[in-house]
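Shown below: upload_11.txt, with compact mmCIF, C-alpha atoms.
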```txt
# COMPACT_ATOMS: atom_id res chain seq x y z
CA MET A 1 -183.35 -154.28 82.97
CA SER A 2 -185.33 -152.99 85.91
CA ALA A 3 -187.62 -155.63 87.34
CA ILE A 4 -189.47 -153.53 89.91
CA VAL A 5 -190.17 -149.88 89.08
CA LEU A 6 -192.02 -147.31 91.16
CA SER A 7 -192.43 -143.86 89.65
CA GLY A 8 -193.85 -140.92 91.52
CA LEU A 9 -195.62 -143.24 93.96
CA THR A 10 -197.76 -141.23 96.39
CA LYS A 11 -200.22 -142.48 98.98
CA ARG A 12 -202.37 -140.11 101.04
CA TYR A 13 -204.76 -141.03 103.84
CA GLY A 14 -206.92 -137.89 104.19
CA SER A 15 -204.50 -135.06 104.85
CA PHE A 16 -201.67 -137.44 105.84
CA THR A 17 -199.12 -138.29 103.16
CA ALA A 18 -197.71 -141.73 103.99
CA VAL A 19 -195.66 -142.09 100.78
CA ASP A 20 -194.53 -138.95 99.02
CA ASP A 21 -193.47 -139.06 95.35
CA VAL A 22 -191.23 -142.12 95.62
CA SER A 23 -189.40 -143.26 92.46
CA LEU A 24 -187.29 -146.38 92.78
CA SER A 25 -186.16 -149.12 90.45
CA VAL A 26 -184.65 -152.47 91.32
CA PRO A 27 -182.71 -154.15 88.49
CA GLU A 28 -183.32 -157.82 87.73
CA GLY A 29 -181.23 -160.07 90.02
CA SER A 30 -180.60 -157.27 92.49
CA VAL A 31 -181.36 -157.20 96.19
CA CYS A 32 -182.55 -153.82 97.43
CA GLY A 33 -182.68 -153.20 101.18
CA LEU A 34 -185.25 -150.62 102.27
CA LEU A 35 -184.24 -148.83 105.47
CA GLY A 36 -186.00 -146.15 107.46
CA PRO A 37 -187.24 -145.30 110.92
CA ASN A 38 -190.66 -146.55 112.03
CA GLY A 39 -193.41 -144.67 110.21
CA ALA A 40 -191.13 -143.78 107.28
CA GLY A 41 -193.62 -145.36 104.83
CA LYS A 42 -191.89 -148.68 104.09
CA THR A 43 -194.88 -150.96 104.64
CA THR A 44 -197.28 -148.58 102.86
CA THR A 45 -194.89 -148.55 99.90
CA PHE A 46 -195.07 -152.36 99.83
CA LEU A 47 -198.88 -152.37 100.05
CA CYS A 48 -199.12 -149.98 97.08
CA LEU A 49 -196.45 -151.91 95.15
CA LEU A 50 -198.51 -155.08 95.54
CA ASN A 51 -201.76 -153.29 94.70
CA PHE A 52 -203.20 -154.11 98.16
CA ALA A 53 -203.61 -150.37 98.70
CA ARG A 54 -204.59 -148.01 95.88
CA ALA A 55 -201.87 -145.44 95.15
CA THR A 56 -203.06 -141.83 95.16
CA ALA A 57 -200.65 -141.08 92.32
CA GLY A 58 -197.80 -142.69 90.44
CA THR A 59 -197.24 -145.92 88.56
CA ILE A 60 -195.83 -149.32 89.44
CA THR A 61 -194.57 -152.00 87.08
CA ILE A 62 -193.13 -155.43 87.72
CA ALA A 63 -191.26 -157.00 84.80
CA GLY A 64 -192.55 -154.08 82.73
CA LYS A 65 -196.23 -154.73 83.42
CA PRO A 66 -198.77 -153.29 85.86
CA VAL A 67 -199.48 -155.49 88.88
CA THR A 68 -202.43 -157.86 88.36
CA PRO A 69 -203.47 -161.10 90.09
CA ALA A 70 -201.33 -162.94 87.48
CA THR A 71 -198.24 -161.14 88.83
CA PHE A 72 -198.52 -163.22 92.01
CA GLU A 73 -197.81 -166.44 90.13
CA ARG A 74 -194.16 -165.26 90.06
CA LEU A 75 -194.10 -162.91 93.05
CA ALA A 76 -194.00 -163.84 96.73
CA TYR A 77 -194.76 -161.37 99.50
CA VAL A 78 -193.91 -162.05 103.13
CA PRO A 79 -195.65 -159.60 105.47
CA GLU A 80 -194.09 -158.65 108.78
CA ARG A 81 -196.56 -160.92 110.57
CA ALA A 82 -196.98 -164.26 108.82
CA THR A 83 -200.54 -164.98 107.68
CA LEU A 84 -201.06 -168.71 108.27
CA TYR A 85 -204.00 -171.04 108.80
CA GLU A 86 -203.46 -171.29 112.54
CA TRP A 87 -205.79 -174.28 113.08
CA LEU A 88 -203.84 -176.39 110.56
CA ARG A 89 -200.51 -178.15 110.90
CA ILE A 90 -197.36 -176.66 109.31
CA GLY A 91 -197.39 -179.41 106.66
CA GLU A 92 -201.01 -178.64 105.78
CA ASN A 93 -200.18 -174.96 105.32
CA LEU A 94 -197.40 -176.00 102.93
CA GLU A 95 -199.72 -178.42 101.10
CA ILE A 96 -202.18 -175.59 100.36
CA ALA A 97 -199.34 -173.57 98.86
CA ARG A 98 -198.13 -176.60 96.87
CA ARG A 99 -201.54 -176.96 95.24
CA ALA A 100 -201.80 -173.21 94.57
CA TYR A 101 -198.44 -172.68 92.84
CA ARG A 102 -197.11 -174.60 89.84
CA SER A 103 -193.55 -173.54 90.65
CA TRP A 104 -193.68 -175.15 94.13
CA ASP A 105 -190.49 -177.12 94.90
CA SER A 106 -191.31 -179.85 97.45
CA LYS A 107 -187.66 -180.83 97.89
CA ARG A 108 -186.77 -177.23 98.67
CA ALA A 109 -189.67 -177.01 101.15
CA LYS A 110 -188.32 -180.06 102.97
CA GLU A 111 -184.80 -178.57 103.08
CA LEU A 112 -186.17 -175.34 104.50
CA LEU A 113 -188.20 -177.19 107.18
CA ASP A 114 -184.92 -178.85 108.23
CA LEU A 115 -183.04 -175.53 108.11
CA PHE A 116 -185.52 -173.92 110.52
CA ALA A 117 -185.84 -177.16 112.55
CA LEU A 118 -189.63 -177.26 112.11
CA ASP A 119 -191.76 -180.38 112.49
CA PRO A 120 -194.44 -180.37 109.75
CA LYS A 121 -196.84 -182.23 112.06
CA LYS A 122 -196.87 -179.37 114.55
CA LYS A 123 -200.02 -177.23 114.89
CA THR A 124 -199.36 -173.75 113.57
CA ARG A 125 -201.00 -171.94 116.49
CA THR A 126 -198.56 -173.51 118.97
CA LEU A 127 -195.56 -171.94 117.21
CA SER A 128 -193.50 -169.06 118.55
CA LYS A 129 -193.50 -165.78 116.62
CA GLY A 130 -190.09 -166.61 115.17
CA GLN A 131 -191.28 -170.06 114.03
CA GLN A 132 -194.35 -168.51 112.39
CA THR A 133 -192.02 -166.09 110.58
CA ALA A 134 -189.99 -169.10 109.44
CA VAL A 135 -193.10 -170.86 108.04
CA GLY A 136 -194.00 -167.65 106.17
CA LEU A 137 -190.50 -167.63 104.65
CA ILE A 138 -190.75 -171.30 103.62
CA LEU A 139 -194.09 -170.57 101.90
CA ALA A 140 -192.35 -167.84 99.89
CA PHE A 141 -188.97 -169.39 99.09
CA ALA A 142 -190.21 -172.91 98.23
CA ARG A 143 -192.18 -171.35 95.37
CA ARG A 144 -188.89 -170.26 93.74
CA PRO A 145 -190.44 -166.91 92.80
CA SER A 146 -188.87 -164.43 90.37
CA PHE A 147 -189.76 -161.50 92.65
CA LEU A 148 -189.62 -161.42 96.44
CA VAL A 149 -191.03 -158.63 98.56
CA LEU A 150 -190.17 -159.16 102.23
CA ASP A 151 -191.29 -156.92 105.09
CA GLU A 152 -188.84 -157.28 108.01
CA PRO A 153 -188.06 -160.89 106.99
CA ALA A 154 -185.86 -161.74 109.98
CA SER A 155 -187.82 -160.16 112.80
CA GLY A 156 -188.23 -162.44 115.81
CA LEU A 157 -185.54 -164.88 114.64
CA ASP A 158 -182.41 -165.67 116.63
CA PRO A 159 -179.07 -164.49 115.18
CA LEU A 160 -178.26 -167.88 113.57
CA LEU A 161 -181.61 -168.05 111.79
CA GLN A 162 -181.31 -164.39 110.80
CA ARG A 163 -178.08 -165.37 109.06
CA ALA A 164 -179.91 -168.29 107.41
CA VAL A 165 -182.53 -165.88 106.05
CA LEU A 166 -179.77 -163.70 104.57
CA ASP A 167 -178.37 -166.84 102.90
CA LEU A 168 -181.82 -167.58 101.43
CA VAL A 169 -182.05 -164.05 100.00
CA ILE A 170 -178.48 -164.19 98.64
CA ALA A 171 -179.04 -167.61 97.02
CA ALA A 172 -182.41 -166.59 95.50
CA ALA A 173 -180.84 -163.49 93.93
CA ALA A 174 -177.80 -165.48 92.73
CA ASN A 175 -180.32 -167.69 90.90
CA GLY A 176 -181.86 -164.64 89.22
CA ALA A 177 -184.64 -163.50 91.57
CA THR A 178 -185.16 -159.81 92.28
CA VAL A 179 -185.61 -158.99 95.95
CA LEU A 180 -186.93 -155.93 97.78
CA PHE A 181 -186.83 -156.23 101.56
CA SER A 182 -187.32 -153.82 104.44
CA SER A 183 -185.26 -154.05 107.58
CA HIS A 184 -184.48 -152.28 110.79
CA GLN A 185 -180.99 -153.69 110.77
CA ILE A 186 -178.34 -151.99 108.69
CA GLY A 187 -176.16 -155.08 109.16
CA GLN A 188 -178.63 -157.23 107.19
CA VAL A 189 -178.79 -154.74 104.34
CA GLU A 190 -175.03 -154.33 104.00
CA ARG A 191 -174.67 -158.12 103.71
CA ALA A 192 -177.58 -159.35 101.61
CA ALA A 193 -178.22 -156.30 99.45
CA ASP A 194 -176.28 -154.71 96.62
CA ARG A 195 -178.59 -151.67 96.66
CA VAL A 196 -180.08 -149.59 99.42
CA ALA A 197 -183.10 -147.28 99.56
CA ILE A 198 -183.60 -145.06 102.59
CA MET A 199 -186.98 -143.51 103.44
CA ARG A 200 -187.83 -140.79 105.92
CA GLY A 201 -191.24 -139.20 106.47
CA GLY A 202 -192.67 -140.85 103.36
CA LYS A 203 -189.88 -139.57 101.08
CA LEU A 204 -187.05 -141.50 99.50
CA VAL A 205 -183.97 -139.66 100.79
CA LEU A 206 -181.18 -141.85 99.38
CA ASP A 207 -180.91 -144.78 97.02
CA GLY A 208 -178.23 -146.47 94.96
CA GLU A 209 -175.59 -149.16 94.85
CA ILE A 210 -174.18 -149.63 98.35
CA ASP A 211 -170.55 -149.99 97.26
CA ALA A 212 -170.80 -146.94 94.99
CA LEU A 213 -172.35 -144.86 97.79
CA LYS A 214 -169.60 -145.94 100.21
CA ALA A 215 -166.90 -145.06 97.67
CA SER A 216 -168.42 -141.73 96.63
CA GLU A 217 -166.97 -139.80 99.57
CA LYS A 218 -164.47 -140.05 102.39
CA THR A 219 -164.14 -138.02 105.55
CA VAL A 220 -160.85 -136.27 106.38
CA GLU A 221 -160.57 -135.19 110.01
CA ALA A 222 -157.82 -132.99 111.41
CA VAL A 223 -156.77 -130.68 114.21
CA VAL A 224 -156.37 -127.41 112.33
CA ASP A 225 -155.53 -124.70 114.89
CA GLY A 226 -153.08 -122.27 113.37
CA VAL A 227 -153.85 -123.45 109.80
CA GLU A 228 -155.31 -120.97 107.32
CA LEU A 229 -158.36 -122.89 106.11
CA ALA A 230 -159.76 -120.60 103.39
CA ALA A 231 -157.86 -122.34 100.56
CA PHE A 232 -158.87 -125.80 101.78
CA VAL A 233 -162.54 -124.88 102.00
CA ARG A 234 -162.40 -123.87 98.31
CA ASP A 235 -160.54 -127.05 97.28
CA PRO A 236 -162.54 -128.72 94.49
CA ARG A 237 -162.15 -132.09 96.25
CA VAL A 238 -164.08 -130.80 99.27
CA ARG A 239 -167.87 -130.97 99.27
CA SER A 240 -168.45 -129.64 102.76
CA VAL A 241 -166.55 -128.63 105.89
CA GLU A 242 -167.74 -129.03 109.43
CA ARG A 243 -165.96 -127.13 112.22
CA VAL A 244 -166.08 -128.72 115.63
CA GLY A 245 -164.99 -126.22 118.29
CA THR A 246 -162.11 -123.95 117.35
CA SER A 247 -159.43 -126.46 116.47
CA PHE A 248 -161.08 -129.45 114.80
CA ALA A 249 -162.39 -129.73 111.23
CA ARG A 250 -164.07 -132.50 109.28
CA PHE A 251 -163.97 -132.41 105.46
CA ALA A 252 -166.25 -134.43 103.19
CA CYS A 253 -164.03 -135.28 100.20
CA ARG A 254 -165.42 -136.44 96.85
CA ASP A 255 -162.21 -137.87 95.50
CA ASP A 256 -158.49 -138.13 96.24
CA ALA A 257 -159.01 -137.87 99.99
CA ASP A 258 -155.47 -139.20 100.52
CA GLY A 259 -154.03 -136.41 98.35
CA PHE A 260 -156.10 -133.84 100.22
CA ALA A 261 -154.94 -135.28 103.55
CA ALA A 262 -151.30 -134.98 102.41
CA VAL A 263 -151.75 -131.30 101.47
CA LEU A 264 -153.51 -130.61 104.77
CA THR A 265 -150.70 -132.32 106.68
CA ALA A 266 -148.05 -130.32 104.79
CA ALA A 267 -149.86 -127.11 105.80
CA GLY A 268 -149.40 -128.00 109.46
CA ALA A 269 -152.65 -129.77 110.35
CA ARG A 270 -152.17 -132.49 112.98
CA HIS A 271 -153.89 -135.81 113.64
CA VAL A 272 -155.07 -135.98 110.04
CA ARG A 273 -157.20 -139.07 109.52
CA VAL A 274 -158.89 -140.38 106.39
CA LEU A 275 -162.06 -142.27 107.23
CA ASP A 276 -164.20 -144.44 104.97
CA ARG A 277 -167.95 -143.82 105.11
CA THR A 278 -169.95 -146.78 106.30
CA LEU A 279 -173.55 -147.50 105.38
CA GLU A 280 -174.44 -146.46 108.92
CA ASP A 281 -172.78 -143.06 108.36
CA LEU A 282 -174.78 -142.67 105.15
CA PHE A 283 -177.99 -143.71 106.92
CA VAL A 284 -177.49 -141.32 109.81
CA GLU A 285 -176.76 -138.45 107.42
CA ALA A 286 -179.81 -139.31 105.27
CA VAL A 287 -182.36 -139.56 108.07
CA GLY A 288 -180.71 -136.94 110.29
CA GLY A 289 -179.65 -137.41 113.89
CA ALA A 290 -178.44 -140.51 115.66
CA PRO A 291 -180.04 -143.85 114.85
CA SER A 292 -182.65 -145.00 117.32
CA ALA A 293 -181.82 -147.96 119.52
CA GLU A 294 -183.68 -150.41 117.32
CA MET A 295 -181.68 -149.31 114.28
CA ALA A 296 -178.58 -150.66 115.98
CA VAL A 297 -176.15 -152.40 113.67
CA VAL A 298 -176.27 -156.13 114.17
CA ALA A 299 -173.23 -158.12 113.12
CA MET B 1 -162.78 -174.54 99.57
CA PRO B 2 -159.94 -172.31 100.81
CA THR B 3 -160.92 -169.72 103.38
CA PHE B 4 -158.51 -167.15 101.99
CA ILE B 5 -161.02 -164.32 102.10
CA SER B 6 -162.89 -162.63 104.88
CA VAL B 7 -164.78 -159.39 104.43
CA ASP B 8 -166.25 -156.87 106.83
CA PRO B 9 -169.50 -155.55 105.33
CA ARG B 10 -169.76 -152.95 108.12
CA SER B 11 -166.54 -151.32 106.98
CA GLY B 12 -166.67 -148.23 104.78
CA VAL B 13 -164.47 -150.01 102.23
CA PRO B 14 -166.74 -151.30 99.43
CA VAL B 15 -167.18 -155.07 99.76
CA TYR B 16 -166.18 -155.70 96.11
CA ARG B 17 -162.94 -153.76 96.82
CA GLN B 18 -162.25 -155.97 99.87
CA VAL B 19 -162.71 -159.12 97.76
CA ILE B 20 -160.39 -157.82 95.02
CA ASP B 21 -157.67 -156.81 97.49
CA GLN B 22 -157.78 -160.13 99.29
CA VAL B 23 -157.70 -162.27 96.15
CA LYS B 24 -154.73 -160.22 94.91
CA ARG B 25 -153.02 -160.65 98.27
CA ALA B 26 -153.70 -164.40 98.27
CA VAL B 27 -152.18 -164.67 94.76
CA ALA B 28 -149.21 -162.48 95.73
CA VAL B 29 -148.26 -164.55 98.76
CA GLY B 30 -148.99 -167.84 97.00
CA VAL B 31 -152.03 -168.92 99.02
CA LEU B 32 -153.74 -169.13 95.62
CA GLY B 33 -151.41 -170.84 93.16
CA ASP B 34 -151.13 -170.58 89.37
CA GLY B 35 -154.16 -172.11 87.71
CA GLU B 36 -155.95 -172.70 91.00
CA GLN B 37 -159.73 -172.61 90.82
CA LEU B 38 -161.66 -169.98 92.75
CA PRO B 39 -165.08 -170.69 94.28
CA THR B 40 -168.03 -169.83 92.04
CA VAL B 41 -169.58 -166.40 92.55
CA LYS B 42 -172.58 -167.96 94.28
CA ALA B 43 -170.47 -170.23 96.51
CA LEU B 44 -168.23 -167.37 97.63
CA ALA B 45 -171.24 -165.08 98.20
CA LEU B 46 -172.82 -167.73 100.45
CA GLN B 47 -169.51 -168.48 102.18
CA LEU B 48 -169.07 -164.79 103.05
CA THR B 49 -172.82 -164.05 103.40
CA VAL B 50 -172.63 -161.13 101.01
CA ASN B 51 -174.56 -160.22 97.87
CA ALA B 52 -173.63 -162.23 94.77
CA ASN B 53 -173.69 -159.23 92.38
CA THR B 54 -171.02 -157.67 94.58
CA VAL B 55 -168.82 -160.79 94.31
CA ALA B 56 -169.49 -160.97 90.55
CA ARG B 57 -168.31 -157.38 90.18
CA ALA B 58 -165.06 -158.21 92.04
CA TYR B 59 -164.46 -161.21 89.74
CA ARG B 60 -165.06 -159.05 86.64
CA ASP B 61 -162.51 -156.49 87.85
CA LEU B 62 -160.01 -159.25 88.71
CA GLU B 63 -160.40 -160.63 85.19
CA ARG B 64 -159.95 -157.14 83.69
CA ASP B 65 -156.78 -156.72 85.80
CA GLY B 66 -155.42 -160.02 84.44
CA VAL B 67 -155.42 -161.81 87.79
CA ILE B 68 -158.00 -164.48 86.95
CA ASP B 69 -159.56 -166.06 83.90
CA THR B 70 -163.23 -166.91 83.83
CA SER B 71 -164.70 -169.25 81.29
CA PRO B 72 -168.44 -169.87 81.18
CA GLY B 73 -169.36 -173.27 82.55
CA ARG B 74 -165.87 -174.03 83.85
CA GLY B 75 -165.34 -171.38 86.48
CA SER B 76 -162.66 -168.88 87.48
CA PHE B 77 -158.96 -169.71 87.74
CA VAL B 78 -155.82 -167.84 88.76
CA ARG B 79 -154.09 -166.84 85.54
CA SER B 80 -150.70 -168.51 85.16
CA ALA B 81 -147.56 -166.36 85.12
CA ASN B 82 -149.65 -163.26 85.42
CA GLY B 83 -146.93 -161.08 86.98
CA GLU B 84 -149.45 -160.29 89.69
CA GLN B 85 -147.25 -161.92 92.27
CA THR B 86 -144.40 -159.38 92.13
CA ARG B 87 -146.63 -156.46 91.15
CA SER B 88 -148.99 -157.07 94.04
CA LEU B 89 -146.33 -157.70 96.65
CA ASP B 90 -144.69 -154.38 95.78
CA ALA B 91 -148.01 -152.55 95.78
CA ILE B 92 -149.11 -154.06 99.10
CA ALA B 93 -145.75 -153.27 100.71
CA ARG B 94 -145.76 -149.68 99.46
CA ALA B 95 -149.34 -149.08 100.62
CA THR B 96 -148.51 -150.48 104.06
CA PHE B 97 -145.49 -148.14 104.45
CA ASP B 98 -147.46 -145.21 103.09
CA ALA B 99 -150.23 -145.59 105.67
CA ALA B 100 -147.73 -146.09 108.50
CA VAL B 101 -145.66 -143.03 107.56
CA ARG B 102 -148.81 -140.92 107.22
CA ASP B 103 -149.87 -141.93 110.72
CA VAL B 104 -146.41 -141.16 112.13
CA ARG B 105 -146.36 -137.72 110.53
CA THR B 106 -149.86 -137.05 111.83
CA LEU B 107 -148.55 -137.56 115.36
CA GLY B 108 -146.26 -134.58 114.78
CA VAL B 109 -143.07 -136.67 114.56
CA GLY B 110 -140.30 -134.97 112.53
CA ARG B 111 -138.53 -136.53 109.55
CA ALA B 112 -135.30 -137.23 111.46
CA ASP B 113 -137.11 -139.09 114.24
CA ALA B 114 -139.28 -140.93 111.70
CA THR B 115 -136.14 -142.16 109.93
CA LEU B 116 -134.65 -143.27 113.25
CA PHE B 117 -137.79 -145.21 114.19
CA PHE B 118 -137.87 -146.77 110.73
CA HIS B 119 -134.31 -148.06 111.12
CA ASP B 120 -135.12 -149.43 114.58
CA ALA B 121 -138.03 -151.35 113.04
CA LEU B 122 -135.81 -152.64 110.21
CA ASN B 123 -133.24 -153.89 112.73
CA ARG B 124 -135.95 -155.63 114.71
CA TRP B 125 -137.55 -157.44 111.77
CA TYR B 126 -134.46 -157.99 109.57
CA PRO B 127 -131.96 -158.92 112.34
CA GLU B 128 -129.89 -161.07 109.98
CA GLU B 129 -128.97 -157.97 107.96
CA LEU B 130 -128.23 -155.52 110.78
CA ALA B 131 -127.33 -152.11 109.39
```
Mind turning this structure into structure tokens?
Amino acid sequence: MSAIVLSGLTKRYGSFTAVDDVSLSVPEGSVCGLLGPNGAGKTTTFLCLLNFARATAGTITIAGKPVTPATFERLAYVPERATLYEWLRIGENLEIARRAYRSWDSKRAKELLDLFALDPKKKTRTLSKGQQTAVGLILAFARRPSFLVLDEPASGLDPLLQRAVLDLVIAAAANGATVLFSSHQIGQVERAADRVAIMRGGKLVLDGEIDALKASEKTVEAVVDGVELAAFVRDPRVRSVERVGTSFARFACRDDADGFAAVLTAAGARHVRVLDRTLEDLFVEAVGGAPSAEMAVVA
Amino acid sequence: MPTFISVDPRSGVPVYRQVIDQVKRAVAVGVLGDGEQLPTVKALALQLTVNANTVARAYRDLERDGVIDTSPGRGSFVRSANGEQTRSLDAIARATFDAAVRDVRTLGVGRADATLFFHDALNRWYPEELA
């Protein structure tokens, strides 16, 4: 069953279309990573999903129902910049959440404070950006919500704490929660998520199960000077052919790439290589061009 | 918990495929013995820092292939006398040769030379049975 469903979601600001006819569904218990360059429409999609911004067109359901204030009893949203009561201590921020949510798990909150090495007596405004992010995450995860919507959940955290956040997401989903999170880091998505959605210019350009997308095609590269290519271009296993210079060719193969590579080799092609397609390859192809520096893959 | 599995999520090989291959390899070489218990889906997902649905899918395929048995509430265990040991060893060995021979051919090496190099490698790694 799909827990989070967007259909035909569109958001216009005047003549600018921030989100353009996006349809996406996240099955219950799944983790969907939302990738895209800055300005692709990720945050606007979240604002519409949560009913904080009014969609121009389209419908949104969570657990089969439209989003109402009651939805937030079971849904936690962590914005990119944590919204905390800065004049209060960390512990007082948590106490407010404890009183607001019946599902609050005090033991879990304590564990998470220890995980992020936070002292509950500390004044919130003295915290670093990363520590404020951590408090925002504790507020969300200690509620044990059924739905988590996280905007750049690991931004500002050091690599060890980034890994801890991935563990939180993985554990929440293993316990049945449905998670939608945006990220600039492909490495986070390929670990924590089983599904990916890629946006560009307000449009959803690719979405699906990560493992299925990886397995759907392979790349066969070869030096092909002196090889008659016409028959290979028409091969039903080949989706597209890219010529690089006069002697090099790259074939996108739907299935049996190894068989295709063997035939190509027998015909005299040299340096035939079969390459798996990584999520980064898929991302680059979907958004076009090389990834920007901040989209760098982080291990 | 045995650390018999490591996966590379950045690789183009689907993560569930990596888990399946490594469990089969661990069973084939005896790192995982008959009847030995595997980590739970959640524990392995957290150990590897990968999505739990992905691990669950690998376990389902391993059960379908007769490598493990999963019973609700008890966990997943290596199936006894499953034949996987010989089957997998053969399959792993064949796949390793296949990839190596493909690479050699791709270099433009002829069959006669490839055979020669193969025998040199055999003599190096099986010195007790010199041809």
Proximal residues of chain B relative to chain A (all atoms listed in the file; 12 Å) as JSON, numbers by chain: {"B": [7, 8, 9, 10, 11, 12, 13, 14, 15, 16, 17, 18, 40, 41, 42, 43, 44, 45, 46, 47, 48, 49, 50, 51, 52, 53, 54, 55, 56, 57, 58, 95, 98, 99, 100, 101, 102, 103, 104, 105, 106, 107, 108, 109, 110]}
Interatomic distance, CA of Ala109 (chain A) to CA of Phe141 (chain A) (Å, one decimal):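 Computing it gives 7.9 Å between the two atoms.
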d(CA of Leu62 (chain B), CA of Val31 (chain B)) in Å: 16.2 Å
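Atom pair CA of Cys32 (chain A) / CA of Thr178 (chain A): separated by 8.3 Å.
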Take region 65-77 of chain B, bring it up to N, CA and C atoms, and give me the output as a JSON list (two decimals), keeping the file's coordinate frame.
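Final file, selection05.json:
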```json
[["chain", "number", "residue", "atom", "x", "y", "z"],
["B", 65, "ASP", "N", -158.14, -157.00, 85.34],
["B", 65, "ASP", "CA", -156.78, -156.72, 85.80],
["B", 65, "ASP", "C", -155.81, -157.86, 85.49],
["B", 66, "GLY", "N", -156.31, -158.93, 84.84],
["B", 66, "GLY", "CA", -155.42, -160.02, 84.44],
["B", 66, "GLY", "C", -155.03, -160.96, 85.56],
["B", 67, "VAL", "N", -155.76, -160.94, 86.66],
["B", 67, "VAL", "CA", -155.42, -161.81, 87.79],
["B", 67, "VAL", "C", -156.07, -163.18, 87.64],
["B", 68, "ILE", "N", -157.30, -163.20, 87.12],
["B", 68, "ILE", "CA", -158.00, -164.48, 86.95],
["B", 68, "ILE", "C", -158.56, -164.58, 85.54],
["B", 69, "ASP", "N", -158.86, -165.80, 85.15],
["B", 69, "ASP", "CA", -159.56, -166.06, 83.90],
["B", 69, "ASP", "C", -160.88, -166.74, 84.24],
["B", 70, "THR", "N", -161.94, -166.28, 83.60],
["B", 70, "THR", "CA", -163.23, -166.91, 83.83],
["B", 70, "THR", "C", -163.74, -167.46, 82.52],
["B", 71, "SER", "N", -164.07, -168.75, 82.51],
["B", 71, "SER", "CA", -164.70, -169.25, 81.29],
["B", 71, "SER", "C", -166.06, -169.82, 81.66],
["B", 72, "PRO", "N", -167.07, -169.47, 80.85],
["B", 72, "PRO", "CA", -168.44, -169.87, 81.18],
["B", 72, "PRO", "C", -168.54, -171.39, 81.31],
["B", 73, "GLY", "N", -169.16, -171.84, 82.37],
["B", 73, "GLY", "CA", -169.36, -173.27, 82.55],
["B", 73, "GLY", "C", -168.21, -173.96, 83.26],
["B", 74, "ARG", "N", -167.00, -173.38, 83.20],
["B", 74, "ARG", "CA", -165.87, -174.03, 83.85],
["B", 74, "ARG", "C", -165.53, -173.38, 85.18],
["B", 75, "GLY", "N", -165.63, -172.07, 85.24],
["B", 75, "GLY", "CA", -165.34, -171.38, 86.48],
["B", 75, "GLY", "C", -164.22, -170.37, 86.33],
["B", 76, "SER", "N", -163.71, -169.90, 87.47],
["B", 76, "SER", "CA", -162.66, -168.88, 87.48],
["B", 76, "SER", "C", -161.38, -169.47, 88.03],
["B", 77, "PHE", "N", -160.26, -169.15, 87.37],
["B", 77, "PHE", "CA", -158.96, -169.71, 87.74],
["B", 77, "PHE", "C", -157.92, -168.60, 87.82]]
```
